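Engineer: Right, I'll just put the structure down here and ask away after.
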Amino acid sequence: MDSRKILIVDDEPIIRMDLREILESEGYNVVAEAKNGEEAVELAHRHKPDLIIMDVKMPVMNGIKATEIIRKFTDASVLLLTAYSQKELVKDASAAGVTAYLVKPVSEEDLLPAVEIALSQRERVNSLRHDIQALEQKFEERKIVERAKGKIMSHFSFNEEQAYQWMRKESMTKRIPLAKLAEQLLHLDKTELTY
């Protein structure tokens, strides 16, 4: 069974049942069903699905409004189902953060590829987000190392290369990462620095 979680949202019970059967027969994990956008928001918050398959036209709250709210607290992909293919709808859906949409009636041949694409888009976005966080972390560490290197250059009258080599040697001797050493150096008083 696929461990990725799917939430189905449609005001028509028969459509929800059909979608669930198709998805579960292919090994997908359908964690919940909702009949309107308000329930979708609550269930998305509770279950943290990877994908939400949601109708546009529903009572209480439509799928586009629900998507706007859901986007504020989750990175789930949203596959919108609609009986309409109006340009205005596509524009609104895109602005709300919808990953893709299908025009009803939805066949198994249309649904399954759309589900896989929506799930893979989510994975790709999450991977990019992780890469960005790692780069930001490295950039922050680099800034700390540069500031510490400046302090060492000033204190020992080293050039940049000498300061860097001194820091690398200290890092290896103390068996701590260079960024951690740099952080410690920045907190030291000048009288505590020894060559």
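Labels for the structure tokens follow display order: chains A, B, ..., residues from 1 in each chain, ligands from 1.
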For the structure I just gave you, how does DSSP split range 31-194 of chain A - specifically, which residues are helix (DSSP H, G or I)? Reply as a PyMOL selection string.
Structural biologist: chain A and resi 37-47+63-70+87-96+108-156+160-174+178-187+190-192
Engineer: With the cut-off set at 9 Å and counting only C-alpha atoms, tabulate each residue of range 118-180 of chain A with an atom at most that distance from an atom of range 98-112 of chain A, showing the nearest atom pair and its distance in Å to one decimal, ordered by chain and increasing number, as CSV.
Structural biologist:
```
residue,atom,partner,partner_atom,distance
A:Ala118,CA,A:Thr99,CA,6.2
A:Gln121,CA,A:Thr99,CA,7.8
A:Arg122,CA,A:Thr99,CA,8.6
```
Engineer: List as a list in words the protein and nucleic acid residues near Leu186 in chain A, meaning an atom at most 10 Å away when only C-alpha atoms are counted, but skip any in the same chain fewer than 2 places from it.
Structural biologist: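 Within the cut-off, the hits are Ile144, Val145, Arg147, Ala148, Lys149, Gly150, Lys151, Ile152, Leu181, Ala182, Glu183, Gln184, Leu188, Asp189 and Lys190 of chain A.
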Engineer: Could you check the closest approach to Leu23 in chain A for each of A:His155, A:Arg142, A:Arg71, A:Arg4 and tell me which residue wins, using only C-alpha atoms?
Structural biologist: A:Arg4
Engineer: Quick check, in Å to one decimal: how far apart do CA of Glu12 in chain A and CA of Asp55 in chain A lie?
Structural biologist: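 The value is 9.3 Å.
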Engineer: Which residues are near Glu38 in chain A? Cut-off 12 Å, only C-alpha atoms, ignore same chain within fewer than 2 positions. Put them as a short mmCIF file (atom, residue, chain, number, x, y, z; two decimals) with N, CA and C atoms, in the first residue's frame.
Structural biologist:
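For reference, part-v8.cif as written:
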```
data_model
loop_
_atom_site.label_atom_id
_atom_site.label_comp_id
_atom_site.auth_asym_id
_atom_site.auth_seq_id
_atom_site.Cartn_x
_atom_site.Cartn_y
_atom_site.Cartn_z
N VAL A 9 -12.62 15.13 -1.36
CA VAL A 9 -13.62 16.12 -0.98
C VAL A 9 -14.59 16.33 -2.15
N ASP A 10 -15.85 15.96 -1.95
CA ASP A 10 -16.88 16.16 -2.97
C ASP A 10 -18.22 16.10 -2.26
N ASP A 11 -19.17 16.93 -2.70
CA ASP A 11 -20.48 16.94 -2.04
C ASP A 11 -21.35 15.78 -2.49
N GLU A 33 -12.69 11.46 3.96
CA GLU A 33 -13.57 12.04 2.94
C GLU A 33 -14.30 13.21 3.57
N ALA A 34 -14.55 14.23 2.76
CA ALA A 34 -15.32 15.39 3.22
C ALA A 34 -16.37 15.73 2.18
N LYS A 35 -17.45 16.37 2.64
CA LYS A 35 -18.53 16.71 1.71
C LYS A 35 -18.58 18.20 1.36
N ASN A 36 -17.72 19.00 1.99
CA ASN A 36 -17.66 20.42 1.65
C ASN A 36 -16.29 20.99 2.01
N ALA A 40 -13.20 19.90 4.57
CA ALA A 40 -11.88 19.66 3.95
C ALA A 40 -10.79 20.35 4.74
N VAL A 41 -11.03 21.59 5.15
CA VAL A 41 -10.04 22.35 5.92
C VAL A 41 -9.76 21.63 7.24
N GLU A 42 -10.83 21.22 7.93
CA GLU A 42 -10.67 20.54 9.22
C GLU A 42 -9.92 19.21 9.06
N LEU A 43 -10.31 18.41 8.06
CA LEU A 43 -9.68 17.10 7.86
C LEU A 43 -8.24 17.23 7.34
N ALA A 44 -7.99 18.25 6.55
CA ALA A 44 -6.61 18.48 6.08
C ALA A 44 -5.72 18.83 7.26
N HIS A 45 -6.27 19.61 8.19
CA HIS A 45 -5.49 19.97 9.38
C HIS A 45 -5.24 18.75 10.26
N MET A 54 -10.31 17.46 -4.71
CA MET A 54 -11.42 18.28 -4.23
C MET A 54 -12.25 18.85 -5.37
N MET A 58 -19.18 23.30 -4.16
CA MET A 58 -19.70 22.56 -3.01
C MET A 58 -20.42 23.54 -2.09
N PRO A 59 -21.35 23.03 -1.27
CA PRO A 59 -22.01 23.91 -0.30
C PRO A 59 -21.05 24.30 0.82
N VAL A 60 -21.44 25.28 1.59
CA VAL A 60 -20.71 25.82 2.74
C VAL A 60 -19.45 26.58 2.30
N MET A 61 -18.52 25.90 1.64
CA MET A 61 -17.30 26.55 1.16
C MET A 61 -16.84 25.82 -0.10
N ASN A 62 -16.55 26.58 -1.16
CA ASN A 62 -16.12 25.94 -2.40
C ASN A 62 -14.66 25.47 -2.33
N GLY A 63 -14.26 24.69 -3.31
CA GLY A 63 -12.93 24.10 -3.32
C GLY A 63 -11.79 25.09 -3.44
N ILE A 64 -12.02 26.18 -4.16
CA ILE A 64 -10.96 27.18 -4.31
C ILE A 64 -10.72 27.92 -3.00
N LYS A 65 -11.78 28.32 -2.32
CA LYS A 65 -11.64 28.99 -1.01
C LYS A 65 -11.00 28.04 0.00
N ALA A 66 -11.42 26.79 0.00
CA ALA A 66 -10.83 25.79 0.91
C ALA A 66 -9.33 25.63 0.62
N THR A 67 -8.97 25.61 -0.66
CA THR A 67 -7.56 25.47 -1.03
C THR A 67 -6.74 26.65 -0.51
N GLU A 68 -7.28 27.86 -0.63
CA GLU A 68 -6.57 29.05 -0.13
C GLU A 68 -6.27 28.92 1.36
N ILE A 69 -7.25 28.43 2.12
CA ILE A 69 -7.07 28.26 3.57
C ILE A 69 -6.09 27.13 3.86
N ILE A 70 -6.26 26.00 3.20
CA ILE A 70 -5.40 24.82 3.42
C ILE A 70 -3.94 25.15 3.09
#
```
Engineer: Would you please give, as a list in words, all residues of range 1-76 of chain A that DSSP assigns to strand (DSSP E) based on the backbone?
Structural biologist: Lys5, Ile6, Leu7, Ile8, Val9, Asn29, Val30, Val31, Ala32, Glu33, Ala34, Leu51, Ile52, Ile53, Met54 and Asp55 of chain A
Engineer: Write to file, as a PDB file, in the first residue's frame, the residues of the selection just made, with C-alpha atoms.
Structural biologist:
```pdb
ATOM      1  CA  LYS A   5      -2.185  10.044   2.348  1.00  0.00           C
ATOM      2  CA  ILE A   6      -5.084  11.236   0.197  1.00  0.00           C
ATOM      3  CA  LEU A   7      -8.161  13.230   1.239  1.00  0.00           C
ATOM      4  CA  ILE A   8     -11.244  13.141  -1.040  1.00  0.00           C
ATOM      5  CA  VAL A   9     -13.625  16.117  -0.984  1.00  0.00           C
ATOM      6  CA  ASN A  29      -4.115   5.342   1.195  1.00  0.00           C
ATOM      7  CA  VAL A  30      -7.388   7.329   1.383  1.00  0.00           C
ATOM      8  CA  VAL A  31      -7.372   8.704   4.936  1.00  0.00           C
ATOM      9  CA  ALA A  32     -10.637  10.663   4.919  1.00  0.00           C
ATOM     10  CA  GLU A  33     -13.568  12.036   2.941  1.00  0.00           C
ATOM     11  CA  ALA A  34     -15.323  15.386   3.224  1.00  0.00           C
ATOM     12  CA  LEU A  51      -2.823  15.038  -1.777  1.00  0.00           C
ATOM     13  CA  ILE A  52      -6.331  16.482  -1.640  1.00  0.00           C
ATOM     14  CA  ILE A  53      -8.715  15.627  -4.469  1.00  0.00           C
ATOM     15  CA  MET A  54     -11.419  18.275  -4.233  1.00  0.00           C
ATOM     16  CA  ASP A  55     -14.513  19.374  -6.118  1.00  0.00           C
TER      17      ASP A  55
END
```
